[in-house]
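S.K.: Got a structure for you, my_file-v5.csv, holding CSV, C-alpha atoms and all ligand atoms.
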chain,number,residue,atom,x,y,z
A,1,MET,CA,110.2,128.9,73.9
A,2,GLY,CA,108.2,126.9,76.4
A,3,MET,CA,109.8,125.8,79.7
A,4,ILE,CA,108.6,122.3,78.9
A,5,GLU,CA,108.3,121.2,75.3
A,6,VAL,CA,106.9,117.8,74.4
A,7,LYS,CA,107.5,116.6,70.8
A,8,HIS,CA,105.9,113.5,69.4
A,9,LEU,CA,106.5,111.5,72.5
A,10,SER,CA,105.5,107.9,72.5
A,11,LYS,CA,106.2,105.0,74.9
A,12,TYR,CA,105.4,101.4,74.3
A,13,TYR,CA,106.2,98.9,77.0
A,14,PRO,CA,107.2,95.3,76.4
A,15,PRO,CA,104.6,92.6,77.3
A,16,PRO,CA,105.1,90.9,80.7
A,17,ARG,CA,107.7,88.2,80.8
A,18,ARG,CA,106.5,84.7,81.6
A,19,GLY,CA,109.9,83.4,82.7
A,20,THR,CA,112.2,81.1,80.8
A,21,PHE,CA,112.6,77.4,81.6
A,22,GLY,CA,115.0,75.9,79.0
A,23,PHE,CA,116.3,76.3,75.5
A,24,THR,CA,112.9,76.6,73.6
A,25,ASP,CA,111.6,79.1,76.1
A,26,MET,CA,114.8,81.1,75.6
A,27,ILE,CA,114.3,81.2,71.9
A,28,LYS,CA,110.7,82.1,72.4
A,29,ASP,CA,111.7,84.8,74.8
A,30,PHE,CA,114.3,86.1,72.3
A,31,ARG,CA,111.6,86.4,69.6
A,32,ARG,CA,109.1,87.9,71.9
A,33,PRO,CA,107.9,91.3,70.6
A,34,ARG,CA,109.7,93.9,72.5
A,35,GLU,CA,107.6,97.0,72.7
A,36,ILE,CA,103.9,96.7,72.0
A,37,LEU,CA,101.9,98.0,74.9
A,38,PRO,CA,101.2,101.7,74.3
A,39,ALA,CA,101.4,103.8,77.4
A,40,LEU,CA,101.8,107.2,75.6
A,41,VAL,CA,101.1,107.8,71.9
A,42,ASP,CA,102.3,110.9,70.0
A,43,ILE,CA,102.1,113.4,72.9
A,44,ASN,CA,102.7,117.1,72.0
A,45,PHE,CA,102.3,120.2,74.1
A,46,ASP,CA,104.2,123.1,75.6
A,47,VAL,CA,104.2,124.5,79.1
A,48,GLU,CA,105.1,128.2,79.5
A,49,GLU,CA,107.3,129.6,82.3
A,50,GLY,CA,105.3,130.1,85.5
A,51,GLU,CA,102.3,128.1,84.4
A,52,ILE,CA,100.6,125.3,86.3
A,53,PHE,CA,99.9,122.7,83.8
A,54,GLY,CA,97.8,119.7,84.6
A,55,LEU,CA,97.8,116.2,83.1
A,56,LEU,CA,94.5,114.8,84.0
A,57,GLY,CA,93.8,111.1,83.4
A,58,PRO,CA,92.4,107.9,84.9
A,59,ASN,CA,94.6,105.1,86.3
A,60,GLY,CA,96.8,103.7,83.7
A,61,ALA,CA,96.6,106.8,81.5
A,62,GLY,CA,100.4,107.2,81.3
A,63,LYS,CA,100.8,110.0,83.8
A,64,THR,CA,103.6,108.4,85.8
A,65,THR,CA,105.3,107.1,82.7
A,66,PHE,CA,105.4,110.7,81.5
A,67,CYS,CA,106.9,112.0,84.7
A,68,LYS,CA,109.4,109.2,84.6
A,69,ILE,CA,110.5,110.1,81.1
A,70,MET,CA,111.0,113.7,82.4
A,71,ASN,CA,113.4,112.2,84.9
A,72,ALA,CA,115.2,109.8,82.6
A,73,LEU,CA,113.8,106.9,84.6
A,74,VAL,CA,112.0,105.5,81.5
A,75,ILE,CA,113.4,105.9,78.0
A,76,PRO,CA,110.7,106.8,75.5
A,77,THR,CA,110.2,104.7,72.4
A,78,SER,CA,110.2,107.8,70.2
A,79,GLY,CA,110.0,111.6,70.6
A,80,HIS,CA,111.4,114.0,73.2
A,81,ILE,CA,110.7,116.2,76.2
A,82,TYR,CA,112.8,119.4,76.4
A,83,ILE,CA,113.0,121.0,79.8
A,84,ASP,CA,114.3,124.5,79.9
A,85,GLY,CA,115.9,123.7,76.6
A,86,TYR,CA,117.6,120.4,77.7
A,87,GLU,CA,116.5,117.0,76.4
A,88,SER,CA,115.2,114.9,79.2
A,89,ILE,CA,117.2,111.8,78.5
A,90,ARG,CA,120.5,113.1,77.0
A,91,ASP,CA,120.9,116.0,79.3
A,92,HIS,CA,119.3,114.6,82.5
A,93,GLU,CA,122.2,115.5,84.7
A,94,LYS,CA,121.8,119.2,83.8
A,95,ILE,CA,118.1,119.0,84.4
A,96,THR,CA,118.3,117.5,87.9
A,97,ARG,CA,119.7,120.8,89.3
A,98,ARG,CA,116.7,122.7,87.9
A,99,MET,CA,113.9,120.3,88.6
A,100,VAL,CA,112.3,118.5,91.5
A,101,THR,CA,109.9,115.6,91.0
A,102,ILE,CA,107.6,114.3,93.7
A,103,PHE,CA,105.9,111.0,93.1
A,104,GLY,CA,102.7,110.8,95.1
A,105,GLY,CA,101.5,107.4,93.9
A,106,GLU,CA,104.7,105.6,94.4
A,107,ARG,CA,105.4,104.1,97.7
A,108,GLU,CA,108.7,105.8,98.4
A,109,MET,CA,110.7,108.4,96.8
A,110,TRP,CA,113.5,106.1,95.5
A,111,GLY,CA,114.9,105.8,99.0
A,112,LEU,CA,115.7,109.5,99.1
A,113,PHE,CA,114.4,109.7,102.7
A,114,ALA,CA,116.1,107.8,105.5
A,115,TRP,CA,113.6,105.8,107.6
A,116,ARG,CA,115.1,106.1,111.1
A,117,VAL,CA,116.1,109.7,110.8
A,118,SER,CA,114.1,112.7,111.8
A,119,VAL,CA,112.1,114.8,109.4
A,120,GLU,CA,114.3,117.8,109.9
A,121,ARG,CA,117.6,115.9,109.3
A,122,ASN,CA,116.1,114.3,106.2
A,123,LEU,CA,115.3,117.7,104.9
A,124,ARG,CA,118.8,119.0,105.7
A,125,TYR,CA,120.3,116.1,103.8
A,126,ILE,CA,118.1,116.9,100.8
A,127,ALA,CA,119.1,120.6,100.9
A,128,GLU,CA,122.8,119.6,100.8
A,129,LEU,CA,122.2,117.1,98.1
A,130,TRP,CA,120.7,119.8,95.9
A,131,LYS,CA,123.5,122.2,96.9
A,132,VAL,CA,121.2,124.8,98.5
A,133,PRO,CA,123.7,127.5,99.7
A,134,SER,CA,124.4,126.8,103.4
A,135,HIS,CA,123.3,130.1,104.8
A,136,LEU,CA,119.8,129.5,103.3
A,137,ILE,CA,119.3,126.0,104.5
A,138,ASN,CA,117.8,126.7,108.0
A,139,LYS,CA,115.6,129.4,106.6
A,140,ARG,CA,114.2,127.1,103.9
A,141,ILE,CA,113.6,124.2,106.3
A,142,GLU,CA,111.6,126.5,108.6
A,143,TYR,CA,109.7,127.9,105.6
A,144,ALA,CA,108.8,124.4,104.3
A,145,LEU,CA,107.8,123.1,107.7
A,146,ARG,CA,105.6,126.1,108.3
A,147,ILE,CA,103.9,126.0,104.8
A,148,LEU,CA,103.1,122.3,105.2
A,149,ASP,CA,102.1,122.3,108.8
A,150,LEU,CA,104.9,120.0,109.8
A,151,GLU,CA,106.5,122.0,112.6
A,152,GLY,CA,105.2,119.5,115.2
A,153,LYS,CA,106.7,116.6,113.3
A,154,ARG,CA,110.3,117.9,112.8
A,155,ASN,CA,111.9,115.5,115.4
A,156,GLU,CA,109.7,112.5,114.5
A,157,TRP,CA,111.4,109.6,112.6
A,158,TYR,CA,110.3,109.6,109.0
A,159,GLN,CA,109.4,105.9,109.5
A,160,LYS,CA,106.8,106.8,112.1
A,161,LEU,CA,104.8,109.2,109.9
A,162,SER,CA,101.5,108.2,108.3
A,163,ALA,CA,101.4,107.9,104.5
A,164,GLY,CA,99.8,111.4,104.2
A,165,MET,CA,102.5,113.0,106.5
A,166,LYS,CA,105.2,111.3,104.4
A,167,GLN,CA,103.6,112.8,101.3
A,168,LYS,CA,103.8,116.2,102.9
A,169,VAL,CA,107.5,115.7,103.8
A,170,HIS,CA,108.1,114.8,100.1
A,171,LEU,CA,106.4,118.0,99.1
A,172,ALA,CA,108.7,119.9,101.4
A,173,LEU,CA,111.5,119.1,98.9
A,174,ALA,CA,110.0,121.6,96.5
A,175,PHE,CA,110.1,124.4,99.1
A,176,ILE,CA,113.6,123.6,100.1
A,177,VAL,CA,115.2,123.2,96.7
A,178,GLN,CA,113.0,126.0,95.1
A,179,PRO,CA,113.8,124.8,91.6
A,180,LYS,CA,112.6,126.4,88.3
A,181,ILE,CA,110.5,123.4,87.5
A,182,ILE,CA,108.4,121.1,89.7
A,183,VAL,CA,106.8,117.9,88.7
A,184,LEU,CA,104.1,116.6,91.0
A,185,ASP,CA,102.8,113.2,90.2
A,186,GLU,CA,99.4,112.9,91.9
A,187,PRO,CA,100.5,115.2,94.8
A,188,THR,CA,97.5,114.8,97.0
A,189,ILE,CA,96.6,111.2,96.4
A,190,ARG,CA,97.1,110.1,100.0
A,191,LEU,CA,96.1,113.3,101.8
A,192,ASP,CA,93.0,113.9,103.9
A,193,VAL,CA,90.8,116.9,103.1
A,194,PRO,CA,92.4,119.6,105.3
A,195,SER,CA,95.9,118.6,104.2
A,196,LYS,CA,94.8,118.5,100.6
A,197,ARG,CA,93.5,122.1,100.9
A,198,ARG,CA,96.7,123.2,102.6
A,199,VAL,CA,98.8,121.6,99.8
A,200,HIS,CA,96.6,123.2,97.1
A,201,GLU,CA,97.2,126.6,98.7
A,202,ALA,CA,100.9,126.0,99.0
A,203,ILE,CA,101.2,125.0,95.3
A,204,LYS,CA,99.2,127.9,94.0
A,205,LYS,CA,100.3,130.7,96.3
A,206,GLU,CA,103.8,129.8,97.4
A,207,LEU,CA,105.3,127.6,94.7
A,208,CYS,CA,103.8,129.4,91.7
A,209,GLY,CA,103.0,132.8,93.1
A,210,ASP,CA,105.9,133.7,95.4
A,211,LEU,CA,108.7,131.4,93.9
A,212,GLY,CA,107.5,131.7,90.3
A,213,SER,CA,108.1,128.0,89.6
A,214,THR,CA,106.7,126.2,86.5
A,215,VAL,CA,104.6,123.3,87.7
A,216,LEU,CA,103.5,120.2,85.8
A,217,LEU,CA,101.1,118.2,87.9
A,218,THR,CA,99.2,115.0,87.2
A,219,THR,CA,96.0,114.1,88.8
A,220,HIS,CA,92.9,112.0,88.3
A,221,ASP,CA,90.8,114.5,90.2
A,222,MET,CA,89.0,117.0,88.0
A,223,SER,CA,88.3,119.4,90.9
A,224,GLU,CA,92.0,119.5,91.8
A,225,ALA,CA,92.8,120.3,88.2
A,226,GLU,CA,90.2,123.0,88.1
A,227,LYS,CA,91.4,124.6,91.3
A,228,LEU,CA,95.0,124.6,90.5
A,229,CYS,CA,95.8,124.5,86.8
A,230,ASP,CA,96.0,127.3,84.3
A,231,ARG,CA,95.6,124.7,81.5
A,232,VAL,CA,94.8,121.0,81.5
A,233,ALA,CA,95.5,118.2,79.1
A,234,ILE,CA,93.2,115.3,79.3
A,235,LEU,CA,95.4,112.2,78.9
A,236,ASN,CA,94.4,108.7,78.2
A,237,THR,CA,97.4,107.3,76.4
A,238,LYS,CA,96.8,110.0,73.8
A,239,ILE,CA,96.0,113.6,74.6
A,240,GLU,CA,92.3,114.0,74.1
A,241,PHE,CA,92.0,117.7,74.8
A,242,ILE,CA,94.0,120.7,76.0
A,243,ASP,CA,92.3,123.8,77.3
A,244,LYS,CA,91.6,126.0,80.3
A,245,PRO,CA,89.6,124.1,82.9
A,246,GLU,CA,86.6,126.4,82.4
A,247,ASN,CA,86.4,125.5,78.8
A,248,ILE,CA,86.2,121.8,79.7
A,249,LYS,CA,83.1,122.6,81.6
A,250,GLU,CA,81.6,124.2,78.5
A,251,LEU,CA,81.7,120.8,76.8
A,252,SER,CA,78.8,119.8,79.0
A,253,LYS,CA,76.5,121.4,76.4
A,254,GLU,CA,77.4,118.6,74.0
A,255,TYR,CA,75.9,115.6,75.9
A,256,GLU,CA,73.3,114.6,78.5
A,257,ILE,CA,73.3,112.4,81.5
A,258,MET,CA,70.4,110.3,82.5
A,259,GLU,CA,70.2,108.4,85.8
A,260,LEU,CA,67.9,105.5,86.3
A,261,ARG,CA,66.8,103.5,89.3
A,262,LEU,CA,65.9,99.9,88.5
A,263,LYS,CA,64.2,97.2,90.4
A,264,GLU,CA,67.0,94.8,89.4
A,265,ILE,CA,70.0,95.0,87.1
A,266,ASN,CA,69.3,93.2,83.9
A,267,PRO,CA,72.3,92.6,81.7
A,268,GLU,CA,70.1,93.0,78.6
A,269,ILE,CA,69.6,96.7,79.3
A,270,LYS,CA,73.2,97.4,78.5
A,271,LYS,CA,73.1,95.6,75.2
A,272,GLU,CA,69.9,97.2,74.1
A,273,LEU,CA,70.9,100.8,75.0
A,274,ASP,CA,74.4,100.5,73.5
A,275,PRO,CA,73.5,101.8,70.0
A,276,PHE,CA,72.1,105.0,71.4
A,277,VAL,CA,74.5,105.9,74.2
A,278,LEU,CA,78.1,106.8,74.6
A,279,ARG,CA,78.6,105.0,77.9
A,280,ILE,CA,76.7,103.1,80.5
A,281,GLU,CA,77.7,102.8,84.2
A,282,GLU,CA,76.0,100.5,86.6
A,283,ILE,CA,76.1,101.5,90.2
A,284,GLN,CA,75.0,99.1,92.9
A,285,GLU,CA,74.3,101.0,96.2
A,286,ASN,CA,72.9,98.9,99.1
A,287,GLU,CA,70.1,97.0,97.3
A,288,VAL,CA,69.5,100.0,94.9
A,289,CYS,CA,70.4,99.4,91.3
A,290,LYS,CA,71.3,102.6,89.5
A,291,VAL,CA,72.4,103.1,85.9
A,292,LYS,CA,74.1,106.2,84.6
A,293,ILE,CA,73.9,106.9,80.9
A,294,PHE,CA,75.9,109.4,78.8
A,295,PHE,CA,74.4,110.2,75.5
A,296,GLU,CA,74.7,112.8,72.7
A,297,ASP,CA,72.2,114.3,70.3
A,298,LYS,CA,69.2,114.4,72.6
A,299,GLU,CA,66.6,114.9,69.8
A,300,LYS,CA,67.6,111.7,68.0
A,301,ASN,CA,68.6,109.4,70.9
A,302,LEU,CA,66.3,110.3,73.8
A,303,PRO,CA,63.1,108.8,72.1
A,304,GLU,CA,65.1,105.6,71.3
A,305,ILE,CA,66.4,105.3,74.8
A,306,LEU,CA,62.9,105.8,76.3
A,307,GLY,CA,61.6,103.2,73.9
A,308,VAL,CA,64.2,100.7,75.2
A,309,LEU,CA,63.5,101.5,78.8
A,310,ARG,CA,59.8,100.6,78.4
A,311,ASN,CA,60.8,97.0,78.5
A,312,PHE,CA,62.6,97.2,81.8
A,313,MET,CA,61.5,97.8,85.4
A,314,VAL,CA,62.4,101.4,85.8
A,315,GLU,CA,61.6,103.0,89.1
A,316,ASP,CA,62.9,106.5,88.5
A,317,ILE,CA,64.4,108.5,85.6
A,318,ARG,CA,66.3,111.8,86.0
A,319,ILE,CA,68.2,113.9,83.5
A,320,ARG,CA,70.7,116.1,85.2
A,321,THR,CA,73.4,118.7,84.4
A,322,PRO,CA,76.8,117.1,83.9
A,323,SER,CA,79.5,117.8,86.6
A,324,LEU,CA,83.1,118.3,85.8
A,325,GLU,CA,83.7,114.7,86.7
A,326,ASP,CA,81.2,113.7,84.0
A,327,ALA,CA,83.0,116.0,81.5
A,328,PHE,CA,86.2,114.1,82.1
A,329,ILE,CA,84.6,110.7,81.6
A,330,TYR,CA,82.8,112.0,78.5
A,331,ILE,CA,86.0,113.3,76.8
A,332,ILE,CA,87.7,110.0,77.5
A,333,ASN,CA,84.9,107.9,76.2
A,334,ARG,CA,84.3,110.1,73.2
A,335,GLY,CA,88.0,109.5,72.3
A,336,GLU,CA,87.6,105.8,72.6
A,337,LYS,CA,84.4,105.5,70.6
A,338,ASP,CA,86.0,107.5,67.8
A,339,VAL,CA,88.7,104.9,67.5
A,340,HIS,CA,86.3,102.0,67.0
B,401,LIG,N1,107.4,99.1,83.8
B,401,LIG,C1,106.3,98.8,83.1
B,401,LIG,N2,106.2,97.7,82.3
B,401,LIG,C2,105.1,97.4,81.5
B,401,LIG,N3,104.0,98.2,81.5
B,401,LIG,C3,104.0,99.3,82.3
B,401,LIG,C4,105.2,99.7,83.1
B,401,LIG,N4,104.9,100.8,83.8
B,401,LIG,C5,103.6,101.2,83.4
B,401,LIG,N5,103.1,100.3,82.5
B,401,LIG,C6,101.8,100.3,81.9
B,401,LIG,O1,101.7,101.6,81.2
B,401,LIG,C7,100.4,102.1,81.3
B,401,LIG,C8,100.5,103.5,82.0
B,401,LIG,O2,100.9,103.4,83.3
B,401,LIG,P1,101.2,104.6,84.2
B,401,LIG,O3,102.2,105.6,83.5
B,401,LIG,O4,101.7,104.1,85.5
B,401,LIG,O5,99.8,105.3,84.3
B,401,LIG,P2,99.2,106.3,85.4
B,401,LIG,O6,100.3,106.9,86.2
B,401,LIG,O7,98.4,107.3,84.6
B,401,LIG,O8,98.3,105.5,86.3
B,401,LIG,C9,99.6,101.1,82.2
B,401,LIG,O9,98.9,100.4,81.3
B,401,LIG,C10,100.7,100.3,82.9
B,401,LIG,O10,100.2,99.0,83.1
B,402,MG,MG,100.6,107.1,88.3
Show how you would write the structure in this file as structure tokens.

M.R.:
Amino acid sequence: MGMIEVKHLSKYYPPPRRGTFGFTDMIKDFRRPREILPALVDINFDVEEGEIFGLLGPNGAGKTTFCKIMNALVIPTSGHIYIDGYESIRDHEKITRRMVTIFGGEREMWGLFAWRVSVERNLRYIAELWKVPSHLINKRIEYALRILDLEGKRNEWYQKLSAGMKQKVHLALAFIVQPKIIVLDEPTIRLDVPSKRRVHEAIKKELCGDLGSTVLLTTHDMSEAEKLCDRVAILNTKIEFIDKPENIKELSKEYEIMELRLKEINPEIKKELDPFVLRIEEIQENEVCKVKIFFEDKEKNLPEILGVLRNFMVEDIRIRTPSLEDAFIYIINRGEKDVH
């Protein structure tokens, strides 16, 4: 049995409300379709005990929605998540003892941290809230402060910390509670490079290595997923792909990337290239117009693409090896083109 089991999970959100101004509006509002915007569609996967599992997806992919369903903060339209055998909505009280969730993208952690109270006292309060045995509390606070390089901030008011520091204090929660399951929603989104590295080490070495926790983390950063995760699911409303990060890299054999430098951006170029390419990105960098093209089936498409380019003012053409970032964009676009 997996530590986390996801079965046919879907979430459709209602469309935004326009506000009601009288009887007719009320009737219209009543008839308004309730759940039509898909955020997650038929998601299935298992996470094994001790695994670091990554949900990798762009903004709006449904990552936070997924983490919220794990915490019974959002009710799914259909399907279930089982956490250590418990159903995330029905049994959420039992789960809160075993699981800690840290939302990185959200502004605050649901008011869990008091603003005008020191970091250390905040952490003590959390330890008590999660019923950490009292003889362990001091030890764990010291451990968390050390791992996250927060020792110098212990007496600082939470309010006075920068966004990145606050994020590290939120992460301390995991080291203090030491739960079986940890959910990290974009854990490094607001961190600078050295802090990011420190947090990566702490997740890999201390959380998963020493404490043996199972970690589900979300990110939009492919290199973070590669560094940390045993397996990665590429999510974009649906799951496009689940595999080890190194196998995602392998996909780069299936497509090519061409970069062009143009004298000027001409909207026609996009239209004319469209039949032969998977995706076109325009990049405007101080006066320089660049176009990045993803395409498959080199033998068939390359001559067509070069044929089209003859009609435009191309200054430079380069075909290069795809990076992991490109692989991620490729998988997402491949999924979208298949739908049409
Ligand atoms: N409370 C909500 N009401 C309506 N739509 C929502 C709500 N929360 C999220 N969404 C929509 O669901 C989709 C997924 O959002 P989210 O889970 O926040 O994605 P991510 O965390 O991957 O950026 C987005 O299109 C978003 O606009
Ligand atoms: Mg999010």

S.K.: When you count all atoms listed in the file, which of these residues is closest to ligand MG 402 (chain B): A:Leu173, A:Ile280, A:Leu217, A:Ile43?

M.R.: A:Leu217

S.K.: Which residue out of A:Val291, A:Lys7, A:Ser118, A:Arg124 has the minimum interatomic distance to Gly152 of chain A when all atoms listed in the file are used?

M.R.: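 Ranked by minimum distance to Gly152 of chain A, first place goes to A:Ser118.
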
S.K.: Which residues are near ligand LIG 401 (chain B) in this structure, taking near to mean any atom at most 9 Å from a ligand atom and counting only C-alpha atoms and all ligand atoms? Format them as an NGL selection string.

M.R.: :A and (11-16 or 37-40 or 56-68 or 74 or 105 or 185-186 or 218-220 or 235-237)

S.K.: Show me, as a CSV table (one decimal) with C-alpha atoms, in the frame of the given file, the residues that have an atom within 8 Å of segment 294-298 of chain A when counting only C-alpha atoms, minus same-chain residues fewer than 6 positions from it.

M.R.:
chain,number,residue,atom,x,y,z
A,254,GLU,CA,77.4,118.6,74.0
A,255,TYR,CA,75.9,115.6,75.9
A,256,GLU,CA,73.3,114.6,78.5
A,257,ILE,CA,73.3,112.4,81.5
A,258,MET,CA,70.4,110.3,82.5
A,276,PHE,CA,72.1,105.0,71.4
A,277,VAL,CA,74.5,105.9,74.2
A,278,LEU,CA,78.1,106.8,74.6
A,279,ARG,CA,78.6,105.0,77.9
A,280,ILE,CA,76.7,103.1,80.5
A,330,TYR,CA,82.8,112.0,78.5

S.K.: In Å, how far is it from atom CA of Val288 of chain A to atom CA of Met313 of chain A?

M.R.: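 Interatomic distance here is 12.6 Å.
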
S.K.: Check the smallest atom-to-atom distance from each of A:Lys270, A:Arg190, A:Lys290, A:Lys227 to Val308 of chain A using only C-alpha atoms, then report the winner.

M.R.: A:Lys270

S.K.: Mind giving me the straight-line distance from atom CA of Arg334 of chain A to atom CA of Leu306 of chain A in Å, one decimal?

M.R.: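 Atom CA of Arg334 of chain A sits 22.0 Å away from atom CA of Leu306 of chain A.
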
S.K.: Give me, please, the distance in Å between atom CA of Ile234 of chain A and atom CA of Arg320 of chain A, quoted to one decimal.

M.R.: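 Those two atoms sit 23.3 Å apart.
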
S.K.: Between A:Pro187, A:Gly2, A:Pro179, A:Gly22, which one has atoms that come closest to ligand MG 402 (chain B), using only C-alpha atoms and all ligand atoms?

M.R.: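 Closest residue, counting only C-alpha atoms and all ligand atoms: A:Pro187.
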
S.K.: Show me, as a PyMOL selection string, the residues that have an atom within 6 Å of segment 79-96 of chain A when counting only C-alpha atoms, minus same-chain residues fewer than 5 positions from it.

M.R.: chain A and resi 3-9+70+72

S.K.: Taking C-alpha atoms for each residue, export the selection above as a PDB file, in the coordinates of the input.

M.R.:
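As a result, again.pdb now contains:
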ATOM      1  CA  MET A   3     109.800 125.800  79.700  1.00  0.00           C
ATOM      2  CA  ILE A   4     108.600 122.300  78.900  1.00  0.00           C
ATOM      3  CA  GLU A   5     108.300 121.200  75.300  1.00  0.00           C
ATOM      4  CA  VAL A   6     106.900 117.800  74.400  1.00  0.00           C
ATOM      5  CA  LYS A   7     107.500 116.600  70.800  1.00  0.00           C
ATOM      6  CA  HIS A   8     105.900 113.500  69.400  1.00  0.00           C
ATOM      7  CA  LEU A   9     106.500 111.500  72.500  1.00  0.00           C
ATOM      8  CA  MET A  70     111.000 113.700  82.400  1.00  0.00           C
ATOM      9  CA  ALA A  72     115.200 109.800  82.600  1.00  0.00           C
TER      10      ALA A  72
END

S.K.: Quick test: take segment 165-218 of chain A, keep C-alpha atoms, and write it as a short mmCIF file (atom, residue, chain, number, x, y, z; two decimals), in the first residue's frame.

M.R.:
data_model
loop_
_atom_site.label_atom_id
_atom_site.label_comp_id
_atom_site.auth_asym_id
_atom_site.auth_seq_id
_atom_site.Cartn_x
_atom_site.Cartn_y
_atom_site.Cartn_z
CA MET A 165 13.01 34.18 6.10
CA LYS A 166 9.33 33.68 6.83
CA GLN A 167 9.36 30.82 4.36
CA LYS A 168 12.24 29.21 6.26
CA VAL A 169 10.38 29.60 9.54
CA HIS A 170 7.41 27.84 7.94
CA LEU A 171 9.71 25.01 6.90
CA ALA A 172 10.94 24.71 10.49
CA LEU A 173 7.48 23.33 11.20
CA ALA A 174 8.43 20.09 9.46
CA PHE A 175 11.56 19.64 11.59
CA ILE A 176 9.72 20.37 14.81
CA VAL A 177 6.70 18.18 14.24
CA GLN A 178 8.66 15.46 12.36
CA PRO A 179 5.54 13.95 10.85
CA LYS A 180 5.32 10.83 8.69
CA ILE A 181 4.16 12.85 5.70
CA ILE A 182 5.22 16.30 4.59
CA VAL A 183 3.58 18.28 1.83
CA LEU A 184 5.59 21.18 0.47
CA ASP A 185 3.79 23.45 -1.97
CA GLU A 186 6.50 25.33 -3.88
CA PRO A 187 8.86 25.28 -0.88
CA THR A 188 11.57 27.48 -2.35
CA ILE A 189 9.51 29.92 -4.37
CA ARG A 190 10.62 32.96 -2.38
CA LEU A 191 14.14 31.94 -1.41
CA ASP A 192 17.44 33.32 -2.67
CA VAL A 193 20.02 30.95 -4.13
CA PRO A 194 22.00 30.11 -0.94
CA SER A 195 18.82 29.58 1.10
CA LYS A 196 17.39 27.47 -1.66
CA ARG A 197 20.46 25.24 -1.60
CA ARG A 198 20.26 24.93 2.18
CA VAL A 199 16.58 24.02 2.04
CA HIS A 200 17.21 21.45 -0.70
CA GLU A 201 19.87 19.80 1.45
CA ALA A 202 17.60 19.85 4.49
CA ILE A 203 14.74 18.21 2.59
CA LYS A 204 16.92 15.53 1.07
CA LYS A 205 19.30 14.76 3.91
CA GLU A 206 17.44 15.52 7.11
CA LEU A 207 13.76 15.16 6.27
CA CYS A 208 13.94 12.14 4.04
CA GLY A 209 17.28 10.70 5.06
CA ASP A 210 17.45 11.04 8.82
CA LEU A 211 13.75 11.30 9.68
CA GLY A 212 12.49 8.98 6.94
CA SER A 213 9.48 11.16 6.09
CA THR A 214 7.51 10.74 2.89
CA VAL A 215 7.53 14.01 0.99
CA LEU A 216 5.18 15.27 -1.69
CA LEU A 217 6.46 18.51 -3.11
CA THR A 218 5.23 20.74 -5.85
#
